[in-house]
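**Student:** Below is the file model00.pdb, which contains PDB, C-alpha atoms, pLDDT in the B column.
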```pdb
ATOM      1  CA  MET A   1       0.000   0.000   0.000  1.00 53.00           C
ATOM      2  CA  LYS A   2       2.914   2.309   0.736  1.00 58.00           C
ATOM      3  CA  PHE A   3       3.998   1.861  -2.896  1.00 56.00           C
ATOM      4  CA  PHE A   4       0.729   3.317  -4.201  1.00 54.00           C
ATOM      5  CA  THR A   5       0.745   6.213  -1.762  1.00 56.00           C
ATOM      6  CA  GLU A   6       4.268   7.138  -2.833  1.00 56.00           C
ATOM      7  CA  LEU A   7       3.430   6.703  -6.535  1.00 56.00           C
ATOM      8  CA  PHE A   8       0.255   8.727  -6.414  1.00 56.00           C
ATOM      9  CA  LYS A   9      -0.055  11.783  -4.209  1.00 62.00           C
ATOM     10  CA  SER A  10      -3.845  11.725  -4.044  1.00 63.00           C
ATOM     11  CA  LYS A  11      -6.939   9.740  -4.980  1.00 64.00           C
ATOM     12  CA  LYS A  12      -7.620  12.282  -7.711  1.00 65.00           C
ATOM     13  CA  GLU A  13      -4.250  11.508  -9.280  1.00 70.00           C
ATOM     14  CA  VAL A  14      -5.090   7.750  -9.262  1.00 62.00           C
ATOM     15  CA  LEU A  15      -8.348   8.560 -10.997  1.00 60.00           C
ATOM     16  CA  ILE A  16      -6.647  10.684 -13.665  1.00 70.00           C
ATOM     17  CA  ARG A  17      -3.642   8.420 -14.310  1.00 70.00           C
ATOM     18  CA  ILE A  18      -5.215   4.959 -14.217  1.00 74.00           C
ATOM     19  CA  ILE A  19      -8.968   4.749 -14.077  1.00 76.00           C
ATOM     20  CA  LEU A  20      -9.790   7.451 -16.624  1.00 76.00           C
ATOM     21  CA  PRO A  21      -7.500   6.104 -19.406  1.00 80.00           C
ATOM     22  CA  VAL A  22      -8.740   2.545 -18.793  1.00 83.00           C
ATOM     23  CA  ALA A  23     -12.346   3.744 -18.964  1.00 84.00           C
ATOM     24  CA  VAL A  24     -11.693   5.696 -22.170  1.00 86.00           C
ATOM     25  CA  VAL A  25     -10.024   2.707 -23.860  1.00 89.00           C
ATOM     26  CA  PHE A  26     -12.812   0.402 -22.679  1.00 88.00           C
ATOM     27  CA  LEU A  27     -15.567   2.696 -23.969  1.00 90.00           C
ATOM     28  CA  ALA A  28     -13.747   3.265 -27.275  1.00 88.00           C
ATOM     29  CA  GLY A  29     -13.398  -0.489 -27.737  1.00 84.00           C
ATOM     30  CA  LEU A  30     -17.029  -1.079 -26.865  1.00 85.00           C
ATOM     31  CA  LEU A  31     -18.227   1.606 -29.279  1.00 86.00           C
ATOM     32  CA  THR A  32     -15.931   0.386 -32.062  1.00 82.00           C
ATOM     33  CA  GLY A  33     -17.069  -3.198 -31.494  1.00 77.00           C
ATOM     34  CA  LYS A  34     -20.731  -2.233 -31.657  1.00 79.00           C
ATOM     35  CA  ILE A  35     -20.333  -0.260 -34.871  1.00 77.00           C
ATOM     36  CA  THR A  36     -17.944  -2.670 -36.589  1.00 72.00           C
ATOM     37  CA  GLY A  37     -19.668  -5.792 -35.310  1.00 67.00           C
ATOM     38  CA  ARG A  38     -23.019  -4.672 -36.624  1.00 62.00           C
ATOM     39  CA  HIS A  39     -21.455  -3.812 -39.967  1.00 63.00           C
ATOM     40  CA  LEU A  40     -19.700  -7.197 -40.186  1.00 64.00           C
ATOM     41  CA  ILE A  41     -22.852  -9.113 -39.324  1.00 57.00           C
ATOM     42  CA  VAL A  42     -24.853  -7.263 -41.969  1.00 54.00           C
ATOM     43  CA  ASN A  43     -22.122  -7.887 -44.546  1.00 58.00           C
ATOM     44  CA  ILE A  44     -21.840 -11.559 -43.654  1.00 53.00           C
ATOM     45  CA  ILE A  45     -25.552 -11.996 -44.225  1.00 46.00           C
ATOM     46  CA  THR A  46     -25.829  -9.902 -47.381  1.00 50.00           C
ATOM     47  CA  LYS A  47     -22.296 -10.688 -48.670  1.00 52.00           C
ATOM     48  CA  ASN A  48     -21.855  -7.153 -49.943  1.00 53.00           C
ATOM     49  CA  SER A  49     -18.343  -6.913 -48.551  1.00 55.00           C
ATOM     50  CA  THR A  50     -15.303  -9.155 -48.722  1.00 56.00           C
ATOM     51  CA  LEU A  51     -14.015  -7.993 -45.334  1.00 57.00           C
ATOM     52  CA  PRO A  52     -15.978 -10.590 -43.342  1.00 56.00           C
ATOM     53  CA  LEU A  53     -14.761 -13.286 -45.696  1.00 54.00           C
ATOM     54  CA  ILE A  54     -11.167 -12.211 -45.200  1.00 59.00           C
ATOM     55  CA  LEU A  55     -11.612 -12.299 -41.433  1.00 59.00           C
ATOM     56  CA  PHE A  56     -13.519 -15.556 -41.039  1.00 57.00           C
ATOM     57  CA  LYS A  57     -13.454 -17.723 -44.148  1.00 55.00           C
ATOM     58  CA  PRO A  58      -9.884 -18.237 -45.393  1.00 57.00           C
ATOM     59  CA  ALA A  59      -8.655 -20.767 -42.872  1.00 61.00           C
ATOM     60  CA  PHE A  60     -11.712 -22.946 -43.319  1.00 69.00           C
ATOM     61  CA  GLU A  61     -11.693 -22.636 -47.117  1.00 72.00           C
ATOM     62  CA  VAL A  62      -8.002 -23.425 -47.420  1.00 71.00           C
ATOM     63  CA  TYR A  63      -8.378 -26.481 -45.204  1.00 75.00           C
ATOM     64  CA  ARG A  64     -11.499 -27.599 -47.084  1.00 81.00           C
ATOM     65  CA  THR A  65      -9.816 -27.167 -50.470  1.00 82.00           C
ATOM     66  CA  TYR A  66      -6.697 -29.010 -49.291  1.00 83.00           C
ATOM     67  CA  THR A  67      -8.802 -31.889 -47.999  1.00 85.00           C
ATOM     68  CA  LEU A  68     -10.863 -32.147 -51.171  1.00 89.00           C
ATOM     69  CA  VAL A  69      -7.939 -31.903 -53.588  1.00 88.00           C
ATOM     70  CA  ASN A  70      -6.091 -34.665 -51.734  1.00 88.00           C
ATOM     71  CA  SER A  71      -9.082 -36.982 -51.459  1.00 91.00           C
ATOM     72  CA  ASN A  72      -9.071 -40.504 -52.902  1.00 93.00           C
ATOM     73  CA  GLU A  73     -12.563 -39.927 -54.287  1.00 95.00           C
ATOM     74  CA  PRO A  74     -12.569 -38.484 -57.835  1.00 94.00           C
ATOM     75  CA  LEU A  75     -15.654 -36.305 -57.325  1.00 95.00           C
ATOM     76  CA  GLU A  76     -14.229 -34.840 -54.125  1.00 94.00           C
ATOM     77  CA  ARG A  77     -10.973 -34.014 -55.947  1.00 93.00           C
ATOM     78  CA  LEU A  78     -13.034 -32.369 -58.668  1.00 94.00           C
ATOM     79  CA  SER A  79     -14.822 -30.319 -55.996  1.00 94.00           C
ATOM     80  CA  GLY A  80     -11.407 -29.332 -54.643  1.00 90.00           C
ATOM     81  CA  TYR A  81     -10.265 -28.107 -58.043  1.00 91.00           C
ATOM     82  CA  TYR A  82     -13.428 -26.030 -58.360  1.00 92.00           C
ATOM     83  CA  SER A  83     -12.862 -24.736 -54.836  1.00 88.00           C
ATOM     84  CA  MET A  84      -9.452 -23.525 -56.011  1.00 87.00           C
ATOM     85  CA  LEU A  85     -11.218 -21.668 -58.812  1.00 89.00           C
ATOM     86  CA  ASP A  86     -13.857 -20.250 -56.446  1.00 86.00           C
ATOM     87  CA  ASN A  87     -11.171 -18.972 -54.086  1.00 79.00           C
ATOM     88  CA  ASN A  88      -9.025 -17.622 -56.926  1.00 80.00           C
ATOM     89  CA  ILE A  89      -6.040 -19.796 -56.075  1.00 81.00           C
ATOM     90  CA  ILE A  90      -5.441 -21.267 -59.506  1.00 83.00           C
ATOM     91  CA  ASN A  91      -1.892 -22.555 -59.655  1.00 84.00           C
ATOM     92  CA  SER A  92      -1.162 -23.824 -63.156  1.00 86.00           C
ATOM     93  CA  ASP A  93       1.913 -25.818 -62.153  1.00 86.00           C
ATOM     94  CA  PHE A  94       0.001 -27.593 -59.376  1.00 87.00           C
ATOM     95  CA  LEU A  95      -2.877 -28.330 -61.752  1.00 90.00           C
ATOM     96  CA  TYR A  96      -0.415 -29.599 -64.372  1.00 92.00           C
ATOM     97  CA  ASP A  97       0.999 -32.021 -61.822  1.00 89.00           C
ATOM     98  CA  ARG A  98      -2.522 -33.168 -60.978  1.00 91.00           C
ATOM     99  CA  LEU A  99      -3.397 -33.464 -64.654  1.00 92.00           C
ATOM    100  CA  GLN A 100      -0.514 -35.914 -65.066  1.00 92.00           C
ATOM    101  CA  LYS A 101      -1.699 -38.003 -62.093  1.00 92.00           C
ATOM    102  CA  GLU A 102      -5.435 -38.082 -62.862  1.00 92.00           C
ATOM    103  CA  LYS A 103      -6.869 -41.218 -64.396  1.00 92.00           C
ATOM    104  CA  HIS A 104     -10.365 -39.938 -65.205  1.00 92.00           C
ATOM    105  CA  ASP A 105     -10.926 -38.018 -68.442  1.00 91.00           C
ATOM    106  CA  PHE A 106     -13.824 -35.993 -67.044  1.00 92.00           C
ATOM    107  CA  ILE A 107     -11.558 -34.663 -64.280  1.00 94.00           C
ATOM    108  CA  LYS A 108      -8.753 -33.957 -66.754  1.00 94.00           C
ATOM    109  CA  ARG A 109     -11.173 -31.969 -68.924  1.00 94.00           C
ATOM    110  CA  ASN A 110     -12.267 -29.951 -65.898  1.00 94.00           C
ATOM    111  CA  ILE A 111      -8.667 -29.293 -64.843  1.00 95.00           C
ATOM    112  CA  ILE A 112      -7.990 -28.002 -68.361  1.00 94.00           C
ATOM    113  CA  TRP A 113     -11.047 -25.756 -68.131  1.00 94.00           C
ATOM    114  CA  ILE A 114      -9.990 -24.445 -64.700  1.00 94.00           C
ATOM    115  CA  MET A 115      -6.478 -23.739 -66.024  1.00 92.00           C
ATOM    116  CA  GLY A 116      -8.148 -21.728 -68.767  1.00 91.00           C
ATOM    117  CA  GLN A 117      -9.512 -19.393 -66.074  1.00 91.00           C
ATOM    118  CA  SER A 118      -5.995 -18.602 -64.836  1.00 88.00           C
ATOM    119  CA  ASP A 119      -4.562 -15.105 -65.150  1.00 86.00           C
ATOM    120  CA  ASP A 120      -1.190 -16.630 -66.064  1.00 87.00           C
ATOM    121  CA  LEU A 121      -1.836 -17.130 -69.774  1.00 89.00           C
ATOM    122  CA  GLY A 122       1.806 -17.931 -70.551  1.00 89.00           C
ATOM    123  CA  ALA A 123       1.939 -20.836 -68.096  1.00 90.00           C
ATOM    124  CA  THR A 124      -1.433 -22.103 -69.277  1.00 90.00           C
ATOM    125  CA  ILE A 125      -0.394 -22.124 -72.945  1.00 91.00           C
ATOM    126  CA  ARG A 126       2.935 -23.759 -72.072  1.00 92.00           C
ATOM    127  CA  ILE A 127       1.127 -26.532 -70.194  1.00 92.00           C
ATOM    128  CA  TYR A 128      -1.493 -26.946 -72.905  1.00 92.00           C
ATOM    129  CA  SER A 129       1.296 -27.301 -75.480  1.00 89.00           C
ATOM    130  CA  SER A 130       3.099 -29.925 -73.416  1.00 91.00           C
ATOM    131  CA  VAL A 131       0.044 -32.138 -72.909  1.00 92.00           C
ATOM    132  CA  TYR A 132      -1.892 -31.642 -76.140  1.00 88.00           C
ATOM    133  CA  SER A 133      -0.315 -34.331 -78.301  1.00 87.00           C
ATOM    134  CA  SER A 134      -0.446 -37.023 -75.598  1.00 90.00           C
ATOM    135  CA  SER A 135      -3.992 -36.246 -74.460  1.00 88.00           C
ATOM    136  CA  GLU A 136      -7.223 -38.039 -75.178  1.00 90.00           C
ATOM    137  CA  PRO A 137      -9.534 -36.496 -77.812  1.00 88.00           C
ATOM    138  CA  ALA A 138     -11.947 -35.089 -75.183  1.00 90.00           C
ATOM    139  CA  VAL A 139      -9.074 -33.342 -73.378  1.00 90.00           C
ATOM    140  CA  ARG A 140      -7.711 -31.981 -76.672  1.00 89.00           C
ATOM    141  CA  LYS A 141     -11.133 -30.616 -77.492  1.00 91.00           C
ATOM    142  CA  GLU A 142     -11.276 -28.877 -74.085  1.00 92.00           C
ATOM    143  CA  ILE A 143      -7.809 -27.366 -74.615  1.00 90.00           C
ATOM    144  CA  LEU A 144      -8.862 -25.930 -77.954  1.00 91.00           C
ATOM    145  CA  SER A 145     -12.164 -24.702 -76.518  1.00 91.00           C
ATOM    146  CA  SER A 146     -10.370 -22.933 -73.661  1.00 91.00           C
ATOM    147  CA  LEU A 147      -7.940 -21.282 -76.070  1.00 90.00           C
ATOM    148  CA  ARG A 148     -10.716 -20.254 -78.448  1.00 89.00           C
ATOM    149  CA  LYS A 149     -12.265 -18.298 -75.562  1.00 90.00           C
ATOM    150  CA  LYS A 150      -8.959 -16.465 -75.024  1.00 88.00           C
ATOM    151  CA  GLY A 151      -9.108 -14.982 -78.501  1.00 88.00           C
ATOM    152  CA  LYS A 152      -8.626 -15.869 -82.150  1.00 87.00           C
ATOM    153  CA  GLY A 153      -4.990 -14.763 -82.206  1.00 89.00           C
ATOM    154  CA  ILE A 154      -4.018 -16.936 -79.240  1.00 88.00           C
ATOM    155  CA  TYR A 155      -5.996 -19.872 -80.626  1.00 86.00           C
ATOM    156  CA  ASP A 156      -4.488 -19.576 -84.124  1.00 87.00           C
ATOM    157  CA  GLU A 157      -0.957 -19.252 -82.734  1.00 88.00           C
ATOM    158  CA  PHE A 158      -1.444 -22.386 -80.617  1.00 88.00           C
ATOM    159  CA  ILE A 159      -2.710 -24.324 -83.666  1.00 84.00           C
ATOM    160  CA  LYS A 160       0.275 -23.154 -85.713  1.00 87.00           C
ATOM    161  CA  ASN A 161       2.943 -23.728 -83.031  1.00 87.00           C
ATOM    162  CA  ASN A 162       1.676 -27.211 -82.238  1.00 83.00           C
ATOM    163  CA  LYS A 163       1.137 -28.144 -85.891  1.00 85.00           C
ATOM    164  CA  ILE A 164      -2.452 -29.180 -85.302  1.00 82.00           C
ATOM    165  CA  LYS A 165      -4.389 -30.281 -88.373  1.00 82.00           C
ATOM    166  CA  ASN A 166      -8.042 -31.043 -88.993  1.00 74.00           C
ATOM    167  CA  VAL A 167      -9.398 -28.585 -86.452  1.00 71.00           C
ATOM    168  CA  LYS A 168     -13.130 -27.976 -86.583  1.00 64.00           C
TER     169      LYS A 168
END
```
Show me this structure written as structure tokens.
**Tutor:**
Amino acid sequence: MKFFTELFKSKKEVLIRIILPVAVVFLAGLLTGKITGRHLIVNIITKNSTLPLILFKPAFEVYRTYTLVNSNEPLERLSGYYSMLDNNIINSDFLYDRLQKEKHDFIKRNIIWIMGQSDDLGATIRIYSSVYSSSEPAVRKEILSSLRKKGKGIYDEFIKNNKIKNVK
């Protein structure tokens, strides 16, 4: 007790130095929480803002995508690849590796389509070129369809560089 009496000369000084700042910080936090919390709840429900998704969703989505992509079930893997697309985490090199490992044509076609949504056009075209000649007809058709959507110039250049004949 002697420590406090030496530190603070009066009860008024204790009030000014300790209790008042704590009360101000507490009230500021409470007010900020009320305003921000209400805003976040409204945005979570209406999904008009990405802020709540950044705060609450990423860890769950990353874990969910990881689990799905590494599943032994083909349809769950396919869901994982689409989850990558939904979360804008398209990694062409990862998808290329998965394309090489997949046994099911319908999944390969979907991986090709998802790669076509990538912003990294150079990597996508490089991968398409490396797998085109060894791919099944359905996968080839998906490659050409994806490139056709990128533009006539890109499509024509791919056809020319890969010496593809009899294209419909």
**Student:** Contacts between segment 138-162 of chain A and segment 87-111 of chain A, please, where a residue of segment 87-111 of chain A counts if it comes within 8 Å (with all atoms listed in the file); show its shortest atom pair and distance in Å to one decimal, rows by chain and ascending number, as a tab-separated table.
**Tutor:**
```
residue	atom	partner	partner_atom	distance
A:Asp105	CA	A:Val139	CA	7.0
A:Lys108	CA	A:Val139	CA	6.7
A:Arg109	CA	A:Val139	CA	5.1
```
**Student:** I need the output of the PyMOL selection byres ((chain A and resi 126) around 12) for this file as a list in words; which residues are they?
**Tutor:**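 Evaluating the PyMOL selection byres ((chain A and resi 126) around 12) on this file yields Ser92, Asp93, Tyr96, Met115, Gly116, Asp120, Leu121, Gly122, Ala123, Thr124, Ile125, Ile127, Tyr128, Ser129, Ser130, Val131, Tyr132, Ile143, Leu147, Phe158, Asn161 and Asn162 of chain A.
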**Student:** In Å to one decimal, how far is atom CA of Ile89 of chain A from atom CA of Ser134 of chain A?
**Tutor:**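 Straight-line distance from atom CA of Ser134 of chain A to atom CA of Ile89 of chain A works out to 26.6 Å.
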**Student:** May I ask which of the residues A:Leu75, A:Met84, A:Ile35, A:Leu20 is the closest one to Tyr63 of chain A, counting only C-alpha atoms?
**Tutor:**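 Closest to Tyr63 of chain A of all the choices is A:Met84.
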**Student:** Work out how far apart atom CA of Val22 of chain A and atom CA of Lys34 of chain A are and give it in Å to one decimal.
**Tutor:** 18.2 Å
**Student:** Selection in question (the file shown): the PyMOL selection byres ((chain A and resi 88) around 12). Which residues does it include, as an NGL selection string?
**Tutor:** :A and (58 or 61-62 or 65 or 81-87 or 89-92 or 114-115 or 117-119)
**Student:** One decimal, in Å: what's the spacing between atom CA of Glu73 of chain A and atom CA of Leu95 of chain A?
**Tutor:** 16.9 Å
**Student:** Between A:Arg17, A:Leu78, A:Ala23, A:Thr36, which is the closest to Tyr66 of chain A once you count all atoms listed in the file?
**Tutor:**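 Comparing A:Arg17, A:Leu78, A:Ala23, A:Thr36 against Tyr66 of chain A, the winner is A:Leu78.
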**Student:** Could you pull segment 92-129 of chain A out of the block above and give me N, CA and C atoms, as a PDB file, in the first residue's frame?
**Tutor:**
```pdb
ATOM      1  N   SER A  92      -1.271 -23.006 -61.945  1.00  0.00           N
ATOM      2  CA  SER A  92      -1.162 -23.824 -63.156  1.00  0.00           C
ATOM      3  C   SER A  92      -0.182 -24.974 -62.996  1.00  0.00           C
ATOM      4  N   ASP A  93       0.929 -24.740 -62.323  1.00  0.00           N
ATOM      5  CA  ASP A  93       1.913 -25.818 -62.153  1.00  0.00           C
ATOM      6  C   ASP A  93       1.357 -26.947 -61.282  1.00  0.00           C
ATOM      7  N   PHE A  94       0.634 -26.589 -60.218  1.00  0.00           N
ATOM      8  CA  PHE A  94       0.001 -27.593 -59.376  1.00  0.00           C
ATOM      9  C   PHE A  94      -1.027 -28.379 -60.177  1.00  0.00           C
ATOM     10  N   LEU A  95      -1.855 -27.664 -60.951  1.00  0.00           N
ATOM     11  CA  LEU A  95      -2.877 -28.330 -61.752  1.00  0.00           C
ATOM     12  C   LEU A  95      -2.251 -29.201 -62.837  1.00  0.00           C
ATOM     13  N   TYR A  96      -1.123 -28.772 -63.386  1.00  0.00           N
ATOM     14  CA  TYR A  96      -0.415 -29.599 -64.372  1.00  0.00           C
ATOM     15  C   TYR A  96       0.035 -30.912 -63.737  1.00  0.00           C
ATOM     16  N   ASP A  97       0.581 -30.821 -62.551  1.00  0.00           N
ATOM     17  CA  ASP A  97       0.999 -32.021 -61.822  1.00  0.00           C
ATOM     18  C   ASP A  97      -0.193 -32.941 -61.595  1.00  0.00           C
ATOM     19  N   ARG A  98      -1.314 -32.374 -61.200  1.00  0.00           N
ATOM     20  CA  ARG A  98      -2.522 -33.168 -60.978  1.00  0.00           C
ATOM     21  C   ARG A  98      -3.067 -33.738 -62.278  1.00  0.00           C
ATOM     22  N   LEU A  99      -2.953 -32.989 -63.344  1.00  0.00           N
ATOM     23  CA  LEU A  99      -3.397 -33.464 -64.654  1.00  0.00           C
ATOM     24  C   LEU A  99      -2.631 -34.722 -65.053  1.00  0.00           C
ATOM     25  N   GLN A 100      -1.345 -34.750 -64.749  1.00  0.00           N
ATOM     26  CA  GLN A 100      -0.514 -35.914 -65.066  1.00  0.00           C
ATOM     27  C   GLN A 100      -0.908 -37.129 -64.223  1.00  0.00           C
ATOM     28  N   LYS A 101      -1.372 -36.912 -63.002  1.00  0.00           N
ATOM     29  CA  LYS A 101      -1.699 -38.003 -62.093  1.00  0.00           C
ATOM     30  C   LYS A 101      -3.122 -38.525 -62.245  1.00  0.00           C
ATOM     31  N   GLU A 102      -4.025 -37.692 -62.764  1.00  0.00           N
ATOM     32  CA  GLU A 102      -5.435 -38.082 -62.862  1.00  0.00           C
ATOM     33  C   GLU A 102      -5.631 -39.208 -63.868  1.00  0.00           C
ATOM     34  N   LYS A 103      -6.552 -40.093 -63.525  1.00  0.00           N
ATOM     35  CA  LYS A 103      -6.869 -41.218 -64.396  1.00  0.00           C
ATOM     36  C   LYS A 103      -8.181 -41.001 -65.151  1.00  0.00           C
ATOM     37  N   HIS A 104      -9.027 -40.128 -64.650  1.00  0.00           N
ATOM     38  CA  HIS A 104     -10.365 -39.938 -65.205  1.00  0.00           C
ATOM     39  C   HIS A 104     -10.382 -38.765 -66.198  1.00  0.00           C
ATOM     40  N   ASP A 105     -10.879 -39.049 -67.411  1.00  0.00           N
ATOM     41  CA  ASP A 105     -10.926 -38.018 -68.442  1.00  0.00           C
ATOM     42  C   ASP A 105     -11.810 -36.833 -68.054  1.00  0.00           C
ATOM     43  N   PHE A 106     -12.931 -37.103 -67.395  1.00  0.00           N
ATOM     44  CA  PHE A 106     -13.824 -35.993 -67.044  1.00  0.00           C
ATOM     45  C   PHE A 106     -13.149 -35.031 -66.065  1.00  0.00           C
ATOM     46  N   ILE A 107     -12.289 -35.544 -65.198  1.00  0.00           N
ATOM     47  CA  ILE A 107     -11.558 -34.663 -64.280  1.00  0.00           C
ATOM     48  C   ILE A 107     -10.460 -33.926 -65.042  1.00  0.00           C
ATOM     49  N   LYS A 108      -9.788 -34.620 -65.943  1.00  0.00           N
ATOM     50  CA  LYS A 108      -8.753 -33.957 -66.754  1.00  0.00           C
ATOM     51  C   LYS A 108      -9.352 -32.804 -67.548  1.00  0.00           C
ATOM     52  N   ARG A 109     -10.520 -33.034 -68.151  1.00  0.00           N
ATOM     53  CA  ARG A 109     -11.173 -31.969 -68.924  1.00  0.00           C
ATOM     54  C   ARG A 109     -11.500 -30.776 -68.028  1.00  0.00           C
ATOM     55  N   ASN A 110     -11.948 -31.044 -66.825  1.00  0.00           N
ATOM     56  CA  ASN A 110     -12.267 -29.951 -65.898  1.00  0.00           C
ATOM     57  C   ASN A 110     -11.015 -29.228 -65.425  1.00  0.00           C
ATOM     58  N   ILE A 111      -9.932 -29.942 -65.215  1.00  0.00           N
ATOM     59  CA  ILE A 111      -8.667 -29.293 -64.843  1.00  0.00           C
ATOM     60  C   ILE A 111      -8.219 -28.364 -65.973  1.00  0.00           C
ATOM     61  N   ILE A 112      -8.335 -28.836 -67.203  1.00  0.00           N
ATOM     62  CA  ILE A 112      -7.990 -28.002 -68.361  1.00  0.00           C
ATOM     63  C   ILE A 112      -8.856 -26.743 -68.372  1.00  0.00           C
ATOM     64  N   TRP A 113     -10.142 -26.906 -68.138  1.00  0.00           N
ATOM     65  CA  TRP A 113     -11.047 -25.756 -68.131  1.00  0.00           C
ATOM     66  C   TRP A 113     -10.669 -24.781 -67.023  1.00  0.00           C
ATOM     67  N   ILE A 114     -10.372 -25.306 -65.825  1.00  0.00           N
ATOM     68  CA  ILE A 114      -9.990 -24.445 -64.700  1.00  0.00           C
ATOM     69  C   ILE A 114      -8.687 -23.716 -65.011  1.00  0.00           C
ATOM     70  N   MET A 115      -7.728 -24.408 -65.619  1.00  0.00           N
ATOM     71  CA  MET A 115      -6.478 -23.739 -66.024  1.00  0.00           C
ATOM     72  C   MET A 115      -6.767 -22.592 -66.977  1.00  0.00           C
ATOM     73  N   GLY A 116      -7.767 -22.773 -67.821  1.00  0.00           N
ATOM     74  CA  GLY A 116      -8.148 -21.728 -68.767  1.00  0.00           C
ATOM     75  C   GLY A 116      -8.654 -20.464 -68.094  1.00  0.00           C
ATOM     76  N   GLN A 117      -9.036 -20.560 -66.831  1.00  0.00           N
ATOM     77  CA  GLN A 117      -9.512 -19.393 -66.074  1.00  0.00           C
ATOM     78  C   GLN A 117      -8.366 -18.652 -65.400  1.00  0.00           C
ATOM     79  N   SER A 118      -7.155 -19.189 -65.496  1.00  0.00           N
ATOM     80  CA  SER A 118      -5.995 -18.602 -64.836  1.00  0.00           C
ATOM     81  C   SER A 118      -5.615 -17.266 -65.464  1.00  0.00           C
ATOM     82  N   ASP A 119      -5.067 -16.385 -64.652  1.00  0.00           N
ATOM     83  CA  ASP A 119      -4.562 -15.105 -65.150  1.00  0.00           C
ATOM     84  C   ASP A 119      -3.191 -15.265 -65.802  1.00  0.00           C
ATOM     85  N   ASP A 120      -2.527 -16.378 -65.527  1.00  0.00           N
ATOM     86  CA  ASP A 120      -1.190 -16.630 -66.064  1.00  0.00           C
ATOM     87  C   ASP A 120      -1.309 -17.351 -67.415  1.00  0.00           C
ATOM     88  N   LEU A 121      -1.591 -16.569 -68.444  1.00  0.00           N
ATOM     89  CA  LEU A 121      -1.836 -17.130 -69.774  1.00  0.00           C
ATOM     90  C   LEU A 121      -0.605 -17.841 -70.319  1.00  0.00           C
ATOM     91  N   GLY A 122       0.572 -17.311 -70.055  1.00  0.00           N
ATOM     92  CA  GLY A 122       1.806 -17.931 -70.551  1.00  0.00           C
ATOM     93  C   GLY A 122       1.997 -19.335 -70.015  1.00  0.00           C
ATOM     94  N   ALA A 123       1.798 -19.501 -68.711  1.00  0.00           N
ATOM     95  CA  ALA A 123       1.939 -20.836 -68.096  1.00  0.00           C
ATOM     96  C   ALA A 123       0.869 -21.778 -68.619  1.00  0.00           C
ATOM     97  N   THR A 124      -0.335 -21.268 -68.784  1.00  0.00           N
ATOM     98  CA  THR A 124      -1.433 -22.103 -69.277  1.00  0.00           C
ATOM     99  C   THR A 124      -1.133 -22.598 -70.687  1.00  0.00           C
ATOM    100  N   ILE A 125      -0.703 -21.724 -71.566  1.00  0.00           N
ATOM    101  CA  ILE A 125      -0.394 -22.124 -72.945  1.00  0.00           C
ATOM    102  C   ILE A 125       0.780 -23.091 -72.965  1.00  0.00           C
ATOM    103  N   ARG A 126       1.777 -22.849 -72.150  1.00  0.00           N
ATOM    104  CA  ARG A 126       2.935 -23.759 -72.072  1.00  0.00           C
ATOM    105  C   ARG A 126       2.486 -25.159 -71.662  1.00  0.00           C
ATOM    106  N   ILE A 127       1.621 -25.231 -70.667  1.00  0.00           N
ATOM    107  CA  ILE A 127       1.127 -26.532 -70.194  1.00  0.00           C
ATOM    108  C   ILE A 127       0.240 -27.174 -71.250  1.00  0.00           C
ATOM    109  N   TYR A 128      -0.642 -26.406 -71.841  1.00  0.00           N
ATOM    110  CA  TYR A 128      -1.493 -26.946 -72.905  1.00  0.00           C
ATOM    111  C   TYR A 128      -0.639 -27.536 -74.027  1.00  0.00           C
ATOM    112  N   SER A 129       0.410 -26.816 -74.406  1.00  0.00           N
ATOM    113  CA  SER A 129       1.296 -27.301 -75.480  1.00  0.00           C
ATOM    114  C   SER A 129       1.981 -28.603 -75.090  1.00  0.00           C
TER     115      SER A 129
END
```
